[in-house]
Structure formats: C-alpha cells, structure tokens
Amino acid sequence: MMQQNRRGQLGEILVRNGVISPEQLEHAIKAKMASNKRLGDILVELGYVTPEQIIQHVYAQLAERIQKVLVPMVSFKEKMADFYMASADSFTEHARIWRLLAAAARAQAEDIRSLIKAIYLQPDLFTVNMIFTTESVDTILHGVLNTIERVKSGSLTHNQSLYLARDVENSMLVSRLPDVLTTNDAEWRKRFMQQKQELFHHRKVIADAIAGLKK
C-alpha cells in the first residue's frame, strides 16, 4: 500500500535514512490522499520532519543526480543544435531540414532546464533514474564536438552528416532520455509523451532526407 501511493522518492529516502518511520510515512500518505497538499508539506505539518531535513536528505541526492544526468544532457542537446546549424550553413541546399532539427534540439534543452527547475520545486513528484552515466554522455558529447569541427572544415559530406544525425537520434542516450524521469503527475506524464512523439518525428525527418539521397 505504501509503495503504491508513494509519489516520487521523498518518502523512501526519509525512511531509508532513518528520518521517519514506515508508519509515519503511511500516516502522511493517508493525510495526503485527503488533501491537495504535497507529501513534503504534510510531513512538516505533522512534525515528522523539518524543512531543513528535507533539504539535507532529499535535495542533496536530487542535486547529485541532476548534475550527473540532466545537466550534461542540456549541454548535449545544445551541441547537437550547434551541429545541425553548422550543417545548415555548410549544406545550404538542405538548410531547412537542418534548421528545423536545430530548433528542436534547442527547445529540448530548454525543456530539460524546465524539468530541473520543477524537480527542485517539487521533489516529491519525480524520481531521477540513473539510466546512463556522466561518462557516457561526455563521450558522445566529445564526438558531437568533433563532428561540428569536421562539418565546419569541410571534411564531412552532407550524406555523412545525415547518417551521423540518424545514428545519434537513434542512440540509447537519446532514445531513453524520456525515461530518465518518472512521475505520477498527469501533466508531466503528458509532456514526457509529447517528447517521445517529437523524437519519432525527428527520426522520420532524417530518415526521409536519407531516403531522398538514394533516389
């Protein structure tokens, strides 16, 4: 019962760290079901925790995961936008496609920033999953930076750029980005679904462009 009704990881962290008991968490969850308040607010009102304890035991862990996963993803999306814009400048006959992809990548970077802010404001709504490591993101980011230089120097053809874009958009890093966060909040779940739909659209744009090369 407690596991099914727990939203995010707030209660789990506090119980695991010995700040509250499982019984206290169960009591708080029942109180939450009878109100529109957040779990953290209820725990404070019941006197089970102080705001400072929530910051100490929850925000610290969230901040660590945000820094390891989400912040690098912002940089990754921004550099992908730079790659797409460099391709638009170098391959002007297909500039429209590249600019579309660049705009989408920058919008995704802003979406991740919004998510980071939402997590700090409402930590009990989200669970940050360590699906991939900072090192894996850094490795791909380094590859994107190298690709940008190759595009600008003219050592990469338009066809090669399209194939690289396809490979990145189909990589596990991009495919599983929507799974980094889990939530029971209906509005955020809707936004995550929209992100997945946008990913499928971007893949189709690139696939159609590649198909056009073969005609």
# chains A, B, ... in the order shown; residues from 1 in each chain; ligands from 1

call {"tool": "residues_around", "arguments": {"residues": "Leu14 (chain A)", "least_positions_apart": "6", "cutoff": "10 Å", "atoms": "only C-alpha atoms", "output": "PyMOL selection string"}}
result
chain A and resi 20-22+25+49+53-54+57-58

call {"tool": "write_last_selection", "arguments": {"atoms": "C-alpha atoms", "output": "mmCIF file, in the first residue's frame"}}
result
data_model
loop_
_atom_site.group_PDB
_atom_site.id
_atom_site.type_symbol
_atom_site.label_atom_id
_atom_site.label_comp_id
_atom_site.auth_asym_id
_atom_site.auth_seq_id
_atom_site.Cartn_x
_atom_site.Cartn_y
_atom_site.Cartn_z
ATOM 1 C CA ILE A 20 10.899 8.951 9.697
ATOM 2 C CA SER A 21 9.446 5.503 10.297
ATOM 3 C CA PRO A 22 7.432 3.495 7.750
ATOM 4 C CA LEU A 25 5.146 7.735 6.147
ATOM 5 C CA VAL A 49 10.475 16.354 9.676
ATOM 6 C CA GLN A 53 15.842 17.802 6.945
ATOM 7 C CA ILE A 54 14.067 17.544 3.614
ATOM 8 C CA HIS A 57 18.273 14.241 2.755
ATOM 9 C CA VAL A 58 16.392 14.792 -0.482
#

call {"tool": "closest_atom_pairs", "arguments": {"of": "region 70-153 of chain A", "to": "region 36-41 of chain A", "cutoff": "10 Å", "atoms": "only C-alpha atoms", "output": "CSV"}}
result
residue,atom,partner,partner_atom,distance
A:Gln122,CA,A:Arg38,CA,8.1
A:Pro123,CA,A:Gly40,CA,8.6
A:Asp124,CA,A:Leu39,CA,6.7
A:Leu125,CA,A:Arg38,CA,8.5

call {"tool": "residues_around", "arguments": {"residues": "Phe83 (chain A)", "least_positions_apart": "4", "cutoff": "7 Å", "atoms": "only C-alpha atoms", "output": "PyMOL selection string"}}
result
chain A and resi 79+87+148

call {"tool": "write_last_selection", "arguments": {"atoms": "C-alpha atoms", "output": "compact mmCIF listing (two decimals), in the first residue's frame"}}
result
# COMPACT_ATOMS: atom_id res chain seq x y z
CA LYS A 79 25.80 20.93 -29.01
CA SER A 87 25.27 21.58 -41.26
CA ILE A 148 30.99 20.03 -35.65

call {"tool": "select_by_dssp", "arguments": {"residues": "region 3-201 of chain A", "states": "alpha helix (DSSP H)", "output": "number ranges by chain"}}
result
A: 3-5, 10-16, 22-33, 39-45, 51-54, 60-65, 71-90, 95-121, 134-153, 158-169, 172-175, 186-201

call {"tool": "write_last_selection", "arguments": {"atoms": "C-alpha atoms", "output": "short mmCIF file (atom, residue, chain, number, x, y, z; two decimals), in the first residue's frame"}}
result
data_model
loop_
_atom_site.label_atom_id
_atom_site.label_comp_id
_atom_site.auth_asym_id
_atom_site.auth_seq_id
_atom_site.Cartn_x
_atom_site.Cartn_y
_atom_site.Cartn_z
CA GLN A 3 4.75 1.69 -2.17
CA GLN A 4 1.76 2.14 -4.45
CA ASN A 5 0.78 5.51 -3.05
CA LEU A 10 10.81 11.58 -0.97
CA GLY A 11 9.23 9.14 1.48
CA GLU A 12 11.57 6.33 0.53
CA ILE A 13 14.67 8.45 1.13
CA LEU A 14 13.47 9.71 4.50
CA VAL A 15 12.60 6.20 5.69
CA ARG A 16 15.86 4.75 4.39
CA PRO A 22 7.43 3.50 7.75
CA GLU A 23 4.40 4.03 9.97
CA GLN A 24 4.86 7.79 9.92
CA LEU A 25 5.15 7.74 6.15
CA GLU A 26 1.96 5.66 5.89
CA HIS A 27 0.17 8.19 8.10
CA ALA A 28 1.40 11.09 5.97
CA ILE A 29 0.32 9.36 2.76
CA LYS A 30 -3.19 8.87 4.12
CA ALA A 31 -3.30 12.55 5.08
CA LYS A 32 -2.12 13.47 1.60
CA MET A 33 -4.90 11.48 -0.02
CA LEU A 39 3.83 14.93 0.77
CA GLY A 40 6.74 17.03 1.98
CA ASP A 41 4.41 19.76 3.26
CA ILE A 42 2.31 17.21 5.13
CA LEU A 43 5.35 15.60 6.74
CA VAL A 44 6.43 19.01 8.01
CA GLU A 45 2.93 19.87 9.28
CA PRO A 51 12.18 21.69 6.04
CA GLU A 52 15.91 21.59 6.71
CA GLN A 53 15.84 17.80 6.95
CA ILE A 54 14.07 17.54 3.61
CA ALA A 60 21.28 16.71 -1.86
CA GLN A 61 20.60 13.42 -3.60
CA LEU A 62 18.47 15.04 -6.27
CA ALA A 63 21.12 17.68 -6.90
CA GLU A 64 23.75 14.99 -7.34
CA ARG A 65 21.64 13.09 -9.86
CA VAL A 71 22.84 18.99 -16.71
CA PRO A 72 25.09 17.07 -19.15
CA MET A 73 22.01 16.37 -21.26
CA VAL A 74 21.40 20.12 -21.59
CA SER A 75 24.93 20.53 -22.95
CA PHE A 76 24.43 17.56 -25.26
CA LYS A 77 21.23 18.97 -26.75
CA GLU A 78 22.81 22.41 -27.20
CA LYS A 79 25.80 20.93 -29.01
CA MET A 80 23.51 18.86 -31.21
CA ALA A 81 21.80 22.12 -32.14
CA ASP A 82 25.23 23.56 -32.99
CA PHE A 83 25.95 20.53 -35.18
CA TYR A 84 22.65 20.95 -37.02
CA MET A 85 23.26 24.68 -37.52
CA ALA A 86 26.79 24.04 -38.79
CA SER A 87 25.27 21.58 -41.26
CA ALA A 88 22.67 24.16 -42.30
CA ASP A 89 25.45 26.67 -43.02
CA SER A 90 27.58 24.14 -44.89
CA ALA A 95 19.28 24.15 -44.77
CA ARG A 96 15.56 23.97 -43.96
CA ILE A 97 15.82 20.43 -42.59
CA TRP A 98 18.93 21.19 -40.57
CA ARG A 99 17.46 24.37 -39.11
CA LEU A 100 14.31 22.50 -38.13
CA LEU A 101 16.40 19.93 -36.27
CA ALA A 102 18.49 22.66 -34.64
CA ALA A 103 15.40 24.48 -33.36
CA ALA A 104 14.03 21.22 -31.97
CA ALA A 105 17.29 20.43 -30.16
CA ARG A 106 17.39 23.88 -28.56
CA ALA A 107 13.76 23.51 -27.48
CA GLN A 108 14.62 20.17 -25.91
CA ALA A 109 17.48 21.77 -23.99
CA GLU A 110 15.04 24.35 -22.61
CA ASP A 111 12.60 21.58 -21.70
CA ILE A 112 15.30 19.86 -19.66
CA ARG A 113 16.07 23.15 -17.89
CA SER A 114 12.37 23.46 -17.04
CA LEU A 115 12.41 19.92 -15.69
CA ILE A 116 15.39 20.67 -13.48
CA LYS A 117 13.58 23.67 -12.02
CA ALA A 118 10.41 21.62 -11.47
CA ILE A 119 12.35 18.89 -9.67
CA TYR A 120 13.85 21.38 -7.23
CA LEU A 121 10.44 22.97 -6.61
CA THR A 134 28.03 11.15 -16.90
CA GLU A 135 30.95 9.49 -18.66
CA SER A 136 28.71 8.05 -21.39
CA VAL A 137 27.16 11.47 -22.02
CA ASP A 138 30.60 13.10 -22.08
CA THR A 139 31.85 10.54 -24.60
CA ILE A 140 29.01 11.25 -27.01
CA LEU A 141 29.32 14.99 -26.39
CA HIS A 142 33.00 14.84 -27.34
CA GLY A 143 32.03 13.02 -30.53
CA VAL A 144 29.49 15.72 -31.40
CA LEU A 145 32.08 18.47 -30.85
CA ASN A 146 34.47 16.65 -33.16
CA THR A 147 31.72 16.29 -35.76
CA ILE A 148 30.99 20.03 -35.65
CA GLU A 149 34.63 20.79 -36.41
CA ARG A 150 34.61 18.33 -39.30
CA VAL A 151 31.49 19.93 -40.78
CA LYS A 152 32.97 23.42 -40.49
CA SER A 153 36.27 22.32 -42.02
CA HIS A 158 26.21 16.14 -46.42
CA ASN A 159 25.47 12.42 -46.68
CA GLN A 160 27.84 11.64 -43.82
CA SER A 161 26.25 14.35 -41.67
CA LEU A 162 22.80 12.88 -42.24
CA TYR A 163 23.96 9.39 -41.31
CA LEU A 164 25.65 10.70 -38.16
CA ALA A 165 22.48 12.60 -37.23
CA ARG A 166 20.48 9.42 -37.73
CA ASP A 167 22.85 7.41 -35.54
CA VAL A 168 22.76 9.95 -32.72
CA GLU A 169 18.97 10.33 -32.80
CA MET A 172 20.31 4.79 -26.49
CA LEU A 173 21.23 8.16 -25.00
CA VAL A 174 18.53 9.96 -26.97
CA SER A 175 16.03 7.09 -27.00
CA ALA A 186 -0.58 13.63 -15.16
CA GLU A 187 0.62 16.90 -16.68
CA TRP A 188 4.28 15.90 -16.66
CA ARG A 189 3.49 12.43 -17.98
CA LYS A 190 1.72 14.13 -20.88
CA ARG A 191 4.80 16.25 -21.56
CA PHE A 192 7.05 13.18 -21.50
CA MET A 193 4.78 11.50 -24.05
CA GLN A 194 5.00 14.58 -26.27
CA GLN A 195 8.79 14.39 -26.08
CA LYS A 196 8.70 10.80 -27.31
CA GLN A 197 6.42 11.78 -30.19
CA GLU A 198 8.79 14.61 -31.13
CA LEU A 199 11.70 12.16 -31.11
CA PHE A 200 9.87 9.89 -33.56
CA HIS A 201 9.16 12.90 -35.78
#

call {"tool": "closest_residue", "arguments": {"among": "A:Thr50, A:Ala34, A:Gln56, A:Gln67", "to": "Met130 (chain A)", "atoms": "only C-alpha atoms"}}
result
A:Gln67

call {"tool": "select_by_dssp", "arguments": {"residues": "region 7-214 of chain A", "states": "strand (DSSP E or B)", "output": "CSV table (one decimal) with C-alpha atoms, in the first residue's frame"}}
result
chain,number,residue,atom,x,y,z
A,126,PHE,CA,9.8,12.9,-9.5
A,127,THR,CA,12.2,10.1,-9.4
A,128,VAL,CA,15.5,10.7,-11.2
A,181,LEU,CA,12.5,10.9,-15.0
A,182,THR,CA,9.4,9.0,-13.8
A,183,THR,CA,6.4,10.7,-12.2

call {"tool": "atom_distance", "arguments": {"atom1": "CA of Ile206 (chain A)", "atom2": "CA of Val180 (chain A)"}}
result
24.2 Å

call {"tool": "atom_distance", "arguments": {"atom1": "CA of Phe91 (chain A)", "atom2": "CA of Ile210 (chain A)"}}
result
14.0 Å
